[in-house]
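Visitor: Sharing a structure with you now.
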Amino acid sequence: MARGKLRIYLGAAPGVGKTYAMLSEAHRRIERGTDCVVAFVEHYDRPRTEEMLRGLEQVRPSELEYQDSTFCEMDVDAVLARRPQVALVDELPHTNIPGSRNTKRWQDVEELLAAGIDVISTVNIQHLESLGDVVTSITGVRQQDTVPDEVVRRADQIELVDMSPQALRRRMAHGNIYRPDKVDAALSNYFRPGNLTALRELALLWVADRADEYLRQYRSEHQVSAIWGSRERIVVGLSGGPEGRTLIRRAARLAEKGAGGEVLAVYIARSDGQTSASSPEELAVQRALVEDLGGTFHQVVGDDIPAALLDFARGANATQIVLGVSRRKSWRYVFSPGISTTVTHDSGPDLDVHLVTHDEAGRDRELPVSRGARLGRSRIVWGWVMAIGAPALLLLLLTCFDPSLGLANNMLLFLTLTVAAAMLGGLLPALVSAAFGSLLLNWCFTPPVGRVVIADPKNILALAIFLAVAVSVASVVDLAARRTHQAARLRAEAEILSFLAGNVLRGETSLEALLERVRETFSMQSVALLERESDVAPWTCSGSVGHGSLVERPEDADVDVPVGDQMTLALSGRMLPAEDRRVLAAFAAQAAVVVDRQRLQKKADQAKVLAEGNQIRTALLAAVSHDLSTPLAGIKASVTSLRSEDIAWSEEDQAELLAGIEEGADRLDHLIGNLLDMSRLQTGTVTPLIQETNLDEVVPMGLTSVPEDRVDLDIPETLPTVCVDKGLLERVVANVVENAMKYSSAEEKVRVYASALGDHVEVRVVDRGPGVPDEMKHHIFEPFQRYGDAPCGTGVGLGLAVARGFTEALGGTLHAEDTPGGGLTMVISLPVVAGRKWPGSAVPTAITW
């Protein structure tokens, strides 16, 4: 069965008309004879959307009960049974009610697509998962319903539904989006012109990237090699020299002249690991520069640098290439035209090549490659011994013992020595061995003997073949030796850099461990990280390892690698070759990161301690000045009145004063108890006595301090037993219920009920108060916090903090949810006794208000 096709209407902001556009498309398809049904559409009582639904077949949604309310969700089974050609599903990122077939609506859509049904759906740009943090920073609102970007990217068609911020705000003001009572709040908050403009830009950029991705896919599938200049892409060819910064800045200025311009910096590394005059430190600086300017950095392996650069440019659909004027001397153009000339010649009419002048032009800073670094000093010495001494020794042996072996056999013996010289010493000793051997063969074994003359032309051919074979074998052996050396070095570097990358990701390595790793890797005596505050300030040691005298200044070190302007890594013990400095630079950069991380962590810890201390001091001052002084003042006044001899109090008056004293004492006891409980939680001295308990025995005990007519309790006796500390759970219930009563009117009851969900039990405390916004829900559980600082209740703002701390000590959780219809619901989730899961449904039993 063929998979269905997905079409998405992507809205730049809520209210731009994506649902209206989807319904319009449905009417067009029905007019063309397509079997199209509405699987689920949210019309939000918008008259024009409701009008567009007329005439369309709608699949009846399923109704689910959850937390005393009934919700409608898409009936996937009904849609599959109806099996239309096209199904309309609104709000793709929607989170389904617990108990639904799938958690997310996009998962429902995946089932329809797998069944071969085409789907038309809608998404707003703020619901894309990758843009969640960006949207939150712009609008200040965290989107709870999100959809993975990959789900939207896989859509066969994406159509952007856009509208200018001014037009959208006019639609809002006319009441076409929200009810009139919500218009003013929406216009002054989420629908501000700045927010709408930013969301619109996000949508346009995301769709542009999707179109660019589709274009690359199309070009790849159809093998289009020609460049399509749909947008300016500028490739900067870097050689690793200092002129790269000039090229990058020049390319950035060119990109700014065209809308949507993009800069791609590329460095071509040879497959043998050799770099002409590149500096790893300079490449790192250039990478950071191009990324700061909004471009991307790429490293490509290729022996033919011009061809590799052009292949990369054409593969990226680039329109321009920026190169620097060559650094080679003029006489070197006799041997090759150079990279810039070759790229310009082979670029063709679809690529513009810019040659940028710079200060390094003509300085020719290419460095020779040390042959000894490839093979080692001892191997080269033995190679020269084999090239010169071995042929002389062989000649002596042949002359003394068996001079009649024949020219062919003698040539094979000398060829063997040449191969041995190549294997030991590389190309140069092999060439000398071949020349010396051919000279000895000519002098001693080729007629006329004793003269550098060859009488027989066949011997000339034989000697020529001998020399050619010797040179060829020597070249192959030399190349193999170079490859082996480079592979070993690159493998070692890769392992070291992999170690560093892992530490960066995990943040595990301390400074001392990192410096010790440097000392061991490079076999140094000591390693120190030096730092100073300014160019004239003395150097100080941030960390050091090793034995012997430690380096106190970079000038005293055998090797020093600067990290910025005020920090350097100093090593003593021996000099390092240039190729080792690349890895050493990576170590130095990581050491600087570790130092910065340690300092930032230290500052963050200090700031946290100071902030917590200030918060506690401020809260305690407020508590002492108000919440503690008020009941003390009442007690003092009542006691003073009772002790007064000037007034004869009646029994009723005395009873009233004594009741006031008792009430004030109870309030003081409650406040001080919360303070002590918070202190126990912060010091970690809460030790719960866990035992099997029935909730119907514990929860009512937590309500003894509240009026019975203010609480509606429903704790079924059939609930499974839980593992809790009775005293702590009573305190949790009491604090949560008292908090709910503070923010509920006297006419509204606080609802307390419990239900089982799998391996845990939930106790819900429901009030009909003003509620708490989503962004403030986590703040109400912090110590000394009272939402809105409302004076509706007494206390120092520790009730919910103590309740959550005690709940977590019991192995449970406490969080807040919105009450359907208004208000706040506190959910206390507790673990049941192992092996006694609730046999019923995973959905809480519906409670009717």
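Here's how to read the names in the structure tokens: chain A, B, ... by the order shown, residue numbers from 1 in each chain, ligand numbers from 1 in the order shown.
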I'd like the contact shell of Pro14 of chain A - 9 Å cut-off, only C-alpha atoms, skipping same-chain residues fewer than 5 positions apart - returned as a PyMOL selection string.

Guide: chain A and resi 124-126+177+191

Visitor: List as a PyMOL selection string the protein and nucleic acid residues near Glu150 of chain A, meaning an atom at most 12 Å away when only C-alpha atoms are counted, but skip any in the same chain fewer than 3 places from it.

Guide: chain A and resi 106+128-130+146-147+153-155+210

Visitor: Which polymer residues have any atom within 12 Å of an atom of Phe466 of chain A, counting only C-alpha atoms, with same-chain residues fewer than 2 positions away left out, as a ChimeraX atom specification?

Guide: /A:407-419,431,433-439,441-442,459-464,468-473

Visitor: Just the strand (DSSP E) stuff from segment 112-196 of chain A, please, per backbone DSSP, written as a list of chain:residue names.

Guide: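 Everything in segment 112-196 of chain A that counts as strand (DSSP E) is A:Asp118, A:Val119, A:Ile120, A:Ser121, A:Thr122, A:Val123, A:Asn124, A:Gln157, A:Ile158, A:Glu159, A:Leu160, A:Val161.
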